[in-house]
file protein17.cif (mmCIF, C-alpha atoms; chains and numbers go by the auth columns)
data_target
loop_
_atom_site.group_PDB
_atom_site.id
_atom_site.type_symbol
_atom_site.label_atom_id
_atom_site.label_comp_id
_atom_site.label_asym_id
_atom_site.label_seq_id
_atom_site.Cartn_x
_atom_site.Cartn_y
_atom_site.Cartn_z
_atom_site.B_iso_or_equiv
_atom_site.auth_seq_id
_atom_site.auth_asym_id
ATOM 1 C CA ASN A 1 217.867 97.472 -138.474 0.00 1 A
ATOM 2 C CA ALA A 2 218.275 101.107 -137.495 0.00 2 A
ATOM 3 C CA GLY A 3 221.878 101.056 -138.764 0.00 3 A
ATOM 4 C CA VAL A 4 224.059 103.769 -137.228 0.00 4 A
ATOM 5 C CA THR A 5 222.257 106.261 -135.032 0.00 5 A
ATOM 6 C CA GLN A 6 223.613 109.511 -133.591 0.00 6 A
ATOM 7 C CA THR A 7 222.320 111.906 -130.980 0.00 7 A
ATOM 8 C CA PRO A 8 221.830 114.796 -130.760 0.00 8 A
ATOM 9 C CA LYS A 9 221.213 116.068 -134.312 0.00 9 A
ATOM 10 C CA PHE A 10 222.143 119.628 -133.400 0.00 10 A
ATOM 11 C CA ARG A 11 223.874 121.260 -130.445 0.00 11 A
ATOM 12 C CA ILE A 12 225.160 124.694 -129.546 0.00 12 A
ATOM 13 C CA LEU A 13 227.897 124.864 -126.910 0.00 13 A
ATOM 14 C CA LYS A 14 229.605 127.736 -125.216 0.00 14 A
ATOM 15 C CA ILE A 15 233.404 127.850 -125.186 0.00 15 A
ATOM 16 C CA GLY A 16 234.745 125.671 -122.397 0.00 16 A
ATOM 17 C CA GLN A 17 231.638 123.521 -122.017 0.00 17 A
ATOM 18 C CA SER A 18 231.753 119.752 -122.346 0.00 18 A
ATOM 19 C CA MET A 19 229.474 117.291 -124.070 0.00 19 A
ATOM 20 C CA THR A 20 229.235 113.740 -125.325 0.00 20 A
ATOM 21 C CA LEU A 21 228.107 112.827 -128.820 0.00 21 A
ATOM 22 C CA GLN A 22 226.372 109.475 -128.803 0.00 22 A
ATOM 23 C CA CYS A 23 226.725 106.824 -131.495 0.00 23 A
ATOM 24 C CA ALA A 24 225.211 103.362 -131.641 0.00 24 A
ATOM 25 C CA GLN A 25 225.013 100.638 -134.273 0.00 25 A
ATOM 26 C CA ASP A 26 222.903 97.493 -134.380 0.00 26 A
ATOM 27 C CA MET A 27 224.727 95.653 -137.164 0.00 27 A
ATOM 28 C CA ASN A 28 227.168 93.846 -134.855 0.00 28 A
ATOM 29 C CA HIS A 29 230.079 95.628 -136.504 0.00 29 A
ATOM 30 C CA ASN A 30 233.477 95.390 -134.884 0.00 30 A
ATOM 31 C CA TYR A 31 234.902 98.619 -136.293 0.00 31 A
ATOM 32 C CA MET A 32 233.570 102.056 -135.441 0.00 32 A
ATOM 33 C CA TYR A 33 234.807 105.509 -136.410 0.00 33 A
ATOM 34 C CA TRP A 34 234.329 109.178 -135.658 0.00 34 A
ATOM 35 C CA TYR A 35 234.819 111.777 -138.383 0.00 35 A
ATOM 36 C CA ARG A 36 234.416 115.510 -138.603 0.00 36 A
ATOM 37 C CA GLN A 37 233.392 117.342 -141.754 0.00 37 A
ATOM 38 C CA ASP A 38 234.271 121.011 -142.080 0.00 38 A
ATOM 39 C CA PRO A 39 232.751 123.155 -144.861 0.00 39 A
ATOM 40 C CA GLY A 40 234.439 122.534 -148.218 0.00 40 A
ATOM 41 C CA MET A 41 236.742 119.889 -146.759 0.00 41 A
ATOM 42 C CA GLY A 42 236.889 116.123 -146.828 0.00 42 A
ATOM 43 C CA LEU A 43 235.967 114.093 -143.774 0.00 43 A
ATOM 44 C CA LYS A 44 238.795 113.705 -141.262 0.00 44 A
ATOM 45 C CA LEU A 45 239.147 110.712 -138.942 0.00 45 A
ATOM 46 C CA ILE A 46 239.141 111.653 -135.246 0.00 46 A
ATOM 47 C CA TYR A 47 239.223 108.266 -133.497 0.00 47 A
ATOM 48 C CA TYR A 48 238.449 104.700 -134.370 0.00 48 A
ATOM 49 C CA SER A 49 237.875 101.431 -132.549 0.00 49 A
ATOM 50 C CA VAL A 50 238.512 97.867 -133.719 0.00 50 A
ATOM 51 C CA GLY A 51 236.445 96.291 -130.961 0.00 51 A
ATOM 52 C CA ALA A 52 235.150 96.711 -127.439 0.00 52 A
ATOM 53 C CA GLY A 53 237.870 98.085 -125.179 0.00 53 A
ATOM 54 C CA ILE A 54 240.203 99.053 -128.046 0.00 54 A
ATOM 55 C CA THR A 55 240.470 102.583 -129.421 0.00 55 A
ATOM 56 C CA ASP A 56 243.092 104.502 -131.376 0.00 56 A
ATOM 57 C CA LYS A 57 243.735 108.007 -132.618 0.00 57 A
ATOM 58 C CA GLY A 58 242.990 109.107 -136.121 0.00 58 A
ATOM 59 C CA GLU A 59 244.226 112.142 -137.997 0.00 59 A
ATOM 60 C CA VAL A 60 242.717 114.887 -135.786 0.00 60 A
ATOM 61 C CA PRO A 61 242.266 113.559 -132.212 0.00 61 A
ATOM 62 C CA ASN A 62 243.224 116.659 -130.199 0.00 62 A
ATOM 63 C CA GLY A 63 240.412 117.919 -127.981 0.00 63 A
ATOM 64 C CA TYR A 64 238.443 114.672 -128.110 0.00 64 A
ATOM 65 C CA ASN A 65 238.198 111.421 -126.214 0.00 65 A
ATOM 66 C CA VAL A 66 236.393 108.165 -126.890 0.00 66 A
ATOM 67 C CA SER A 67 235.525 104.942 -125.153 0.00 67 A
ATOM 68 C CA ARG A 68 234.184 101.610 -126.380 0.00 68 A
ATOM 69 C CA SER A 69 232.738 99.594 -123.542 0.00 69 A
ATOM 70 C CA THR A 70 230.318 97.635 -125.765 0.00 70 A
ATOM 71 C CA THR A 71 230.266 96.546 -129.396 0.00 71 A
ATOM 72 C CA GLU A 72 227.219 98.712 -130.046 0.00 72 A
ATOM 73 C CA ASP A 73 228.209 102.091 -128.580 0.00 73 A
ATOM 74 C CA PHE A 74 231.043 104.484 -129.367 0.00 74 A
ATOM 75 C CA PRO A 75 230.587 107.891 -127.670 0.00 75 A
ATOM 76 C CA LEU A 76 232.772 110.894 -128.490 0.00 76 A
ATOM 77 C CA ARG A 77 233.588 113.294 -125.661 0.00 77 A
ATOM 78 C CA LEU A 78 234.516 116.959 -126.027 0.00 78 A
ATOM 79 C CA GLU A 79 236.005 118.170 -122.753 0.00 79 A
ATOM 80 C CA LEU A 80 236.637 121.901 -123.277 0.00 80 A
ATOM 81 C CA ALA A 81 234.786 123.040 -126.361 0.00 81 A
ATOM 82 C CA ALA A 82 236.580 125.500 -128.639 0.00 82 A
ATOM 83 C CA PRO A 83 235.298 127.379 -131.721 0.00 83 A
ATOM 84 C CA SER A 84 237.626 125.240 -133.863 0.00 84 A
ATOM 85 C CA GLN A 85 235.450 122.247 -132.977 0.00 85 A
ATOM 86 C CA THR A 86 232.475 123.726 -134.785 0.00 86 A
ATOM 87 C CA SER A 87 231.783 121.060 -137.388 0.00 87 A
ATOM 88 C CA VAL A 88 229.509 118.240 -138.446 0.00 88 A
ATOM 89 C CA TYR A 89 230.415 114.968 -136.752 0.00 89 A
ATOM 90 C CA PHE A 90 229.759 111.598 -138.329 0.00 90 A
ATOM 91 C CA CYS A 91 229.966 108.215 -136.724 0.00 91 A
ATOM 92 C CA ALA A 92 230.480 105.165 -138.947 0.00 92 A
ATOM 93 C CA SER A 93 230.867 101.429 -138.572 0.00 93 A
ATOM 94 C CA SER A 94 232.128 98.512 -140.617 0.00 94 A
ATOM 95 C CA TYR A 95 232.202 94.766 -140.165 0.00 95 A
ATOM 96 C CA GLY A 96 235.953 94.539 -140.362 0.00 96 A
ATOM 97 C CA SER A 97 239.013 96.030 -141.917 0.00 97 A
ATOM 98 C CA GLN A 98 239.142 94.013 -145.122 0.00 98 A
ATOM 99 C CA LYS A 99 239.727 96.066 -148.211 0.00 99 A
ATOM 100 C CA THR A 100 236.193 96.155 -149.524 0.00 100 A
ATOM 101 C CA TYR A 101 234.209 96.326 -146.320 0.00 101 A
ATOM 102 C CA GLU A 102 231.811 99.234 -146.512 0.00 102 A
ATOM 103 C CA GLN A 103 231.641 101.904 -143.872 0.00 103 A
ATOM 104 C CA TYR A 104 228.078 102.799 -142.904 0.00 104 A
ATOM 105 C CA PHE A 105 227.559 106.346 -141.707 0.00 105 A
ATOM 106 C CA GLY A 106 225.143 107.851 -139.242 0.00 106 A
ATOM 107 C CA PRO A 107 223.110 110.998 -140.013 0.00 107 A
ATOM 108 C CA GLY A 108 225.557 113.333 -138.276 0.00 108 A
ATOM 109 C CA THR A 109 225.583 115.819 -135.397 0.00 109 A
ATOM 110 C CA ARG A 110 225.927 119.504 -136.243 0.00 110 A
ATOM 111 C CA LEU A 111 227.865 121.200 -133.449 0.00 111 A
ATOM 112 C CA THR A 112 228.378 124.945 -133.058 0.00 112 A
ATOM 113 C CA VAL A 113 230.733 126.334 -130.416 0.00 113 A
ATOM 114 C CA THR A 114 230.339 130.041 -129.667 0.00 114 A
ATOM 115 C CA LYS B 1 251.206 113.403 -148.719 0.00 1 B
ATOM 116 C CA ASN B 2 248.090 111.359 -149.481 0.00 2 B
ATOM 117 C CA GLN B 3 245.543 113.507 -151.263 0.00 3 B
ATOM 118 C CA VAL B 4 242.293 113.167 -153.163 0.00 4 B
ATOM 119 C CA GLU B 5 241.268 115.990 -155.492 0.00 5 B
ATOM 120 C CA GLN B 6 237.841 116.258 -157.109 0.00 6 B
ATOM 121 C CA SER B 7 236.542 118.356 -159.952 0.00 7 B
ATOM 122 C CA PRO B 8 234.453 120.252 -160.577 0.00 8 B
ATOM 123 C CA GLN B 9 233.617 121.652 -157.149 0.00 9 B
ATOM 124 C CA SER B 10 230.038 122.143 -158.234 0.00 10 B
ATOM 125 C CA LEU B 11 227.908 121.335 -161.244 0.00 11 B
ATOM 126 C CA ILE B 12 224.408 122.199 -162.423 0.00 12 B
ATOM 127 C CA ILE B 13 222.698 120.058 -165.051 0.00 13 B
ATOM 128 C CA LEU B 14 219.181 119.653 -166.399 0.00 14 B
ATOM 129 C CA GLU B 15 217.107 116.639 -165.479 0.00 15 B
ATOM 130 C CA GLY B 16 217.634 113.797 -167.923 0.00 16 B
ATOM 131 C CA LYS B 17 221.140 114.852 -168.910 0.00 17 B
ATOM 132 C CA ASN B 18 224.317 112.870 -168.237 0.00 18 B
ATOM 133 C CA CYS B 19 227.341 114.101 -166.324 0.00 19 B
ATOM 134 C CA THR B 20 230.811 112.951 -165.321 0.00 20 B
ATOM 135 C CA LEU B 21 232.629 113.787 -162.115 0.00 21 B
ATOM 136 C CA GLN B 22 236.397 113.499 -161.812 0.00 22 B
ATOM 137 C CA CYS B 23 238.733 112.317 -159.068 0.00 23 B
ATOM 138 C CA ASN B 24 242.540 112.384 -159.021 0.00 24 B
ATOM 139 C CA TYR B 25 244.461 110.849 -156.164 0.00 25 B
ATOM 140 C CA THR B 26 247.981 110.593 -154.839 0.00 26 B
ATOM 141 C CA VAL B 27 247.679 107.792 -152.320 0.00 27 B
ATOM 142 C CA SER B 28 250.298 105.163 -151.785 0.00 28 B
ATOM 143 C CA PRO B 29 250.071 102.293 -151.440 0.00 29 B
ATOM 144 C CA PHE B 30 246.656 102.160 -153.065 0.00 30 B
ATOM 145 C CA SER B 31 244.074 99.708 -151.742 0.00 31 B
ATOM 146 C CA ASN B 32 240.691 100.670 -153.151 0.00 32 B
ATOM 147 C CA LEU B 33 238.637 103.622 -154.344 0.00 33 B
ATOM 148 C CA ARG B 34 235.077 104.394 -153.305 0.00 34 B
ATOM 149 C CA TRP B 35 232.428 106.798 -154.413 0.00 35 B
ATOM 150 C CA TYR B 36 229.892 108.023 -151.869 0.00 36 B
ATOM 151 C CA LYS B 37 226.704 110.042 -152.286 0.00 37 B
ATOM 152 C CA GLN B 38 225.885 112.522 -149.528 0.00 38 B
ATOM 153 C CA ASP B 39 222.457 114.137 -149.472 0.00 39 B
ATOM 154 C CA THR B 40 222.201 117.480 -147.690 0.00 40 B
ATOM 155 C CA GLY B 41 222.063 116.957 -143.935 0.00 41 B
ATOM 156 C CA ARG B 42 222.729 113.218 -144.170 0.00 42 B
ATOM 157 C CA GLY B 43 225.681 110.884 -143.848 0.00 43 B
ATOM 158 C CA PRO B 44 227.538 109.544 -146.913 0.00 44 B
ATOM 159 C CA VAL B 45 226.162 106.415 -148.574 0.00 45 B
ATOM 160 C CA SER B 46 228.395 104.088 -150.560 0.00 46 B
ATOM 161 C CA LEU B 47 227.812 103.842 -154.328 0.00 47 B
ATOM 162 C CA THR B 48 230.768 101.720 -155.481 0.00 48 B
ATOM 163 C CA ILE B 49 234.018 100.231 -154.221 0.00 49 B
ATOM 164 C CA MET B 50 236.764 99.342 -156.726 0.00 50 B
ATOM 165 C CA THR B 51 240.012 97.533 -156.091 0.00 51 B
ATOM 166 C CA PHE B 52 243.210 97.851 -158.104 0.00 52 B
ATOM 167 C CA SER B 53 242.190 95.205 -160.618 0.00 53 B
ATOM 168 C CA GLU B 54 238.772 96.671 -161.413 0.00 54 B
ATOM 169 C CA ASN B 55 238.493 99.437 -163.989 0.00 55 B
ATOM 170 C CA THR B 56 234.734 99.871 -164.127 0.00 56 B
ATOM 171 C CA LYS B 57 231.815 99.242 -161.813 0.00 57 B
ATOM 172 C CA SER B 58 228.151 100.114 -162.114 0.00 58 B
ATOM 173 C CA ASN B 59 225.377 100.694 -159.622 0.00 59 B
ATOM 174 C CA GLY B 60 222.180 101.443 -161.514 0.00 60 B
ATOM 175 C CA ARG B 61 222.616 104.743 -163.333 0.00 61 B
ATOM 176 C CA TYR B 62 226.006 105.305 -161.691 0.00 62 B
ATOM 177 C CA THR B 63 229.143 103.997 -163.406 0.00 63 B
ATOM 178 C CA ALA B 64 232.565 104.450 -161.867 0.00 64 B
ATOM 179 C CA THR B 65 235.838 103.978 -163.717 0.00 65 B
ATOM 180 C CA LEU B 66 239.324 103.606 -162.349 0.00 66 B
ATOM 181 C CA ASP B 67 242.677 104.067 -164.074 0.00 67 B
ATOM 182 C CA ALA B 68 245.246 102.979 -161.521 0.00 68 B
ATOM 183 C CA ASP B 69 248.133 103.900 -163.828 0.00 69 B
ATOM 184 C CA THR B 70 247.156 107.563 -164.074 0.00 70 B
ATOM 185 C CA LYS B 71 245.549 107.556 -160.591 0.00 71 B
ATOM 186 C CA GLN B 72 242.265 108.870 -161.889 0.00 72 B
ATOM 187 C CA SER B 73 238.670 107.881 -161.393 0.00 73 B
ATOM 188 C CA SER B 74 235.401 109.159 -162.752 0.00 74 B
ATOM 189 C CA LEU B 75 231.761 108.795 -161.806 0.00 75 B
ATOM 190 C CA HIS B 76 229.300 108.937 -164.680 0.00 76 B
ATOM 191 C CA ILE B 77 225.635 109.584 -163.972 0.00 77 B
ATOM 192 C CA THR B 78 223.231 108.644 -166.738 0.00 78 B
ATOM 193 C CA ALA B 79 219.785 110.181 -167.290 0.00 79 B
ATOM 194 C CA SER B 80 219.986 112.339 -164.179 0.00 80 B
ATOM 195 C CA GLN B 81 217.037 112.686 -161.830 0.00 81 B
ATOM 196 C CA LEU B 82 216.174 115.387 -159.327 0.00 82 B
ATOM 197 C CA SER B 83 217.051 112.953 -156.549 0.00 83 B
ATOM 198 C CA ASP B 84 220.641 112.855 -157.823 0.00 84 B
ATOM 199 C CA SER B 85 221.138 116.346 -156.380 0.00 85 B
ATOM 200 C CA ALA B 86 223.752 115.713 -153.699 0.00 86 B
ATOM 201 C CA SER B 87 227.479 115.839 -153.011 0.00 87 B
ATOM 202 C CA TYR B 88 229.531 113.041 -154.499 0.00 88 B
ATOM 203 C CA ILE B 89 232.636 112.150 -152.597 0.00 89 B
ATOM 204 C CA CYS B 90 235.637 110.224 -153.889 0.00 90 B
ATOM 205 C CA VAL B 91 237.416 108.249 -151.165 0.00 91 B
ATOM 206 C CA VAL B 92 240.669 106.319 -151.406 0.00 92 B
ATOM 207 C CA SER B 93 241.861 103.676 -149.005 0.00 93 B
ATOM 208 C CA ALA B 94 245.588 103.327 -148.432 0.00 94 B
ATOM 209 C CA GLY B 95 247.029 99.847 -148.532 0.00 95 B
ATOM 210 C CA ASP B 96 248.690 100.022 -145.168 0.00 96 B
ATOM 211 C CA SER B 97 245.443 100.592 -143.262 0.00 97 B
ATOM 212 C CA SER B 98 242.456 99.668 -145.370 0.00 98 B
ATOM 213 C CA TYR B 99 239.958 101.044 -142.891 0.00 99 B
ATOM 214 C CA LYS B 100 241.590 104.470 -142.865 0.00 100 B
ATOM 215 C CA LEU B 101 240.030 106.441 -145.671 0.00 101 B
ATOM 216 C CA ILE B 102 241.203 109.610 -147.409 0.00 102 B
ATOM 217 C CA PHE B 103 238.244 111.728 -148.447 0.00 103 B
ATOM 218 C CA GLY B 104 237.980 114.214 -151.261 0.00 104 B
ATOM 219 C CA SER B 105 236.050 117.414 -150.624 0.00 105 B
ATOM 220 C CA GLY B 106 233.281 116.355 -152.981 0.00 106 B
ATOM 221 C CA THR B 107 231.469 117.637 -156.051 0.00 107 B
ATOM 222 C CA ARG B 108 228.149 119.293 -155.340 0.00 108 B
ATOM 223 C CA LEU B 109 225.656 118.347 -158.067 0.00 109 B
ATOM 224 C CA LEU B 110 222.375 120.169 -158.615 0.00 110 B
ATOM 225 C CA VAL B 111 219.879 118.683 -161.040 0.00 111 B
ATOM 226 C CA ARG B 112 217.294 121.192 -162.234 0.00 112 B
ATOM 227 C CA PRO B 113 213.909 120.333 -163.749 0.00 113 B
#
call {"tool": "encode", "arguments": {"input": "protein17.cif", "output": "structure tokens"}}
result
Amino acid sequence: NAGVTQTPKFRILKIGQSMTLQCAQDMNHNYMYWYRQDPGMGLKLIYYSVGAGITDKGEVPNGYNVSRSTTEDFPLRLELAAPSQTSVYFCASSYGSQKTYEQYFGPGTRLTVT
Amino acid sequence: KNQVEQSPQSLIILEGKNCTLQCNYTVSPFSNLRWYKQDTGRGPVSLTIMTFSENTKSNGRYTATLDADTKQSSLHITASQLSDSASYICVVSAGDSSYKLIFGSGTRLLVRP
């Protein structure tokens, strides 16, 4: 199993550009998540999905969009990049929402917006 | 407001020594508490998950404790190794949405030879 994979690893965007961060998992997990990690701060939940076709906002959803057309894939879209979106983005997945289900994280995408 | 505070922010120890990292939380209702290890440039990896009824849990040289009354947790690392150099993140799950996690900012540990 590859686990949770993310592409690209690094990206530099100009203000106003758009891009999609890709995330895929091969563990047949129902739940998938997008987080951002800013320097010196805890991870913040952007969006999550409880299954194909179902998504919901997390704590910091502004400026982002997601879709979940398959169980495996959960892309994150940035429409008009802003410097405040400079961060490291992590995708994660879990089997379900039970209390002790682990979340498995991908390696992250480091995004810089200039 | 749900919060997770960790101390110290950073720590340097010599290889072979023990250390203890602290976590205080104000999360209600409490569901479970997790410790993650995050190597530089990598995603977090789970070390332990503890529910309300558990007050200690081990994973090799890592031992986590939980005091739900005082809302404190600690992570003890025994006989540290160079590979323990990483950030250690305390994460608390609120009872109303167990998959929504509240992350601390982490303790950055450096183990020196």
call {"tool": "interface_residues", "arguments": {"input": "protein17.cif", "of": "chain A", "to": "chain B", "cutoff": "9 Å", "atoms": "only C-alpha atoms", "output": "PyMOL selection string"}}
result
chain A and resi 31+39-45+58+90-92+94+96-108+110
call {"tool": "resolve_selection", "arguments": {"input": "protein17.cif", "expression": "the PyMOL selection byres ((chain A and resi 5) around 6)", "output": "ChimeraX atom specification"}}
result
/A:4,6,23-24,106
call {"tool": "resolve_selection", "arguments": {"input": "protein17.cif", "expression": "the PyMOL selection byres ((chain B and resi 71) around 10)", "output": "ChimeraX atom specification"}}
result
/B:4,23-27,30,66-70,72-73
call {"tool": "write_last_selection", "arguments": {"input": "protein17.cif", "atoms": "C-alpha atoms", "output": "mmCIF file, in the frame of the given file"}}
result
data_model
loop_
_atom_site.group_PDB
_atom_site.id
_atom_site.type_symbol
_atom_site.label_atom_id
_atom_site.label_comp_id
_atom_site.auth_asym_id
_atom_site.auth_seq_id
_atom_site.Cartn_x
_atom_site.Cartn_y
_atom_site.Cartn_z
ATOM 1 C CA VAL B 4 242.293 113.167 -153.163
ATOM 2 C CA CYS B 23 238.733 112.317 -159.068
ATOM 3 C CA ASN B 24 242.540 112.384 -159.021
ATOM 4 C CA TYR B 25 244.461 110.849 -156.164
ATOM 5 C CA THR B 26 247.981 110.593 -154.839
ATOM 6 C CA VAL B 27 247.679 107.792 -152.320
ATOM 7 C CA PHE B 30 246.656 102.160 -153.065
ATOM 8 C CA LEU B 66 239.324 103.606 -162.349
ATOM 9 C CA ASP B 67 242.677 104.067 -164.074
ATOM 10 C CA ALA B 68 245.246 102.979 -161.521
ATOM 11 C CA ASP B 69 248.133 103.900 -163.828
ATOM 12 C CA THR B 70 247.156 107.563 -164.074
ATOM 13 C CA GLN B 72 242.265 108.870 -161.889
ATOM 14 C CA SER B 73 238.670 107.881 -161.393
#
call {"tool": "resolve_selection", "arguments": {"input": "protein17.cif", "expression": "the PyMOL selection byres ((chain A and resi 27) around 10)", "output": "VMD selection string"}}
result
chain A and resid 1 to 4 24 to 26 28 to 30 71 to 72 93 to 95 104
call {"tool": "residues_near_point", "arguments": {"input": "protein17.cif", "point": "(232.7, 116.0, -136.5)", "cutoff": "7 Å", "atoms": "all atoms listed in the file", "output": "ChimeraX atom specification"}}
result
/A:35-37,87-90
call {"tool": "atom_distance", "arguments": {"input": "protein17.cif", "atom1": "CA of Tyr62 in chain B", "atom2": "CA of Ile77 in chain B"}}
result
4.9 Å
call {"tool": "decode", "arguments": {"input": "protein17.cif", "residues": "range 71-90 of chain A", "atoms": "C-alpha atoms", "output": "PDB file, in the first residue's frame"}}
result
ATOM      1  CA  THR A  71     -13.411   7.081  -2.648  1.00  0.00           C
ATOM      2  CA  GLU A  72      -9.723   7.289  -3.516  1.00  0.00           C
ATOM      3  CA  ASP A  73      -9.269  10.926  -4.572  1.00  0.00           C
ATOM      4  CA  PHE A  74      -9.822  14.203  -2.745  1.00  0.00           C
ATOM      5  CA  PRO A  75      -8.359  17.194  -4.645  1.00  0.00           C
ATOM      6  CA  LEU A  76      -8.090  20.662  -3.106  1.00  0.00           C
ATOM      7  CA  ARG A  77      -8.564  23.645  -5.409  1.00  0.00           C
ATOM      8  CA  LEU A  78      -7.183  27.141  -4.864  1.00  0.00           C
ATOM      9  CA  GLU A  79      -8.966  29.533  -7.210  1.00  0.00           C
ATOM     10  CA  LEU A  80      -7.265  32.908  -6.656  1.00  0.00           C
ATOM     11  CA  ALA A  81      -4.048  32.367  -4.762  1.00  0.00           C
ATOM     12  CA  ALA A  82      -3.190  34.901  -2.059  1.00  0.00           C
ATOM     13  CA  PRO A  83      -0.010  35.269   0.044  1.00  0.00           C
ATOM     14  CA  SER A  84      -2.033  34.191   3.099  1.00  0.00           C
ATOM     15  CA  GLN A  85      -2.329  30.748   1.504  1.00  0.00           C
ATOM     16  CA  THR A  86       1.404  30.187   1.742  1.00  0.00           C
ATOM     17  CA  SER A  87       1.554  27.084   3.911  1.00  0.00           C
ATOM     18  CA  VAL A  88       2.197  23.365   4.008  1.00  0.00           C
ATOM     19  CA  TYR A  89      -0.883  21.363   3.057  1.00  0.00           C
ATOM     20  CA  PHE A  90      -1.539  17.878   4.359  1.00  0.00           C
TER      21      PHE A  90
END
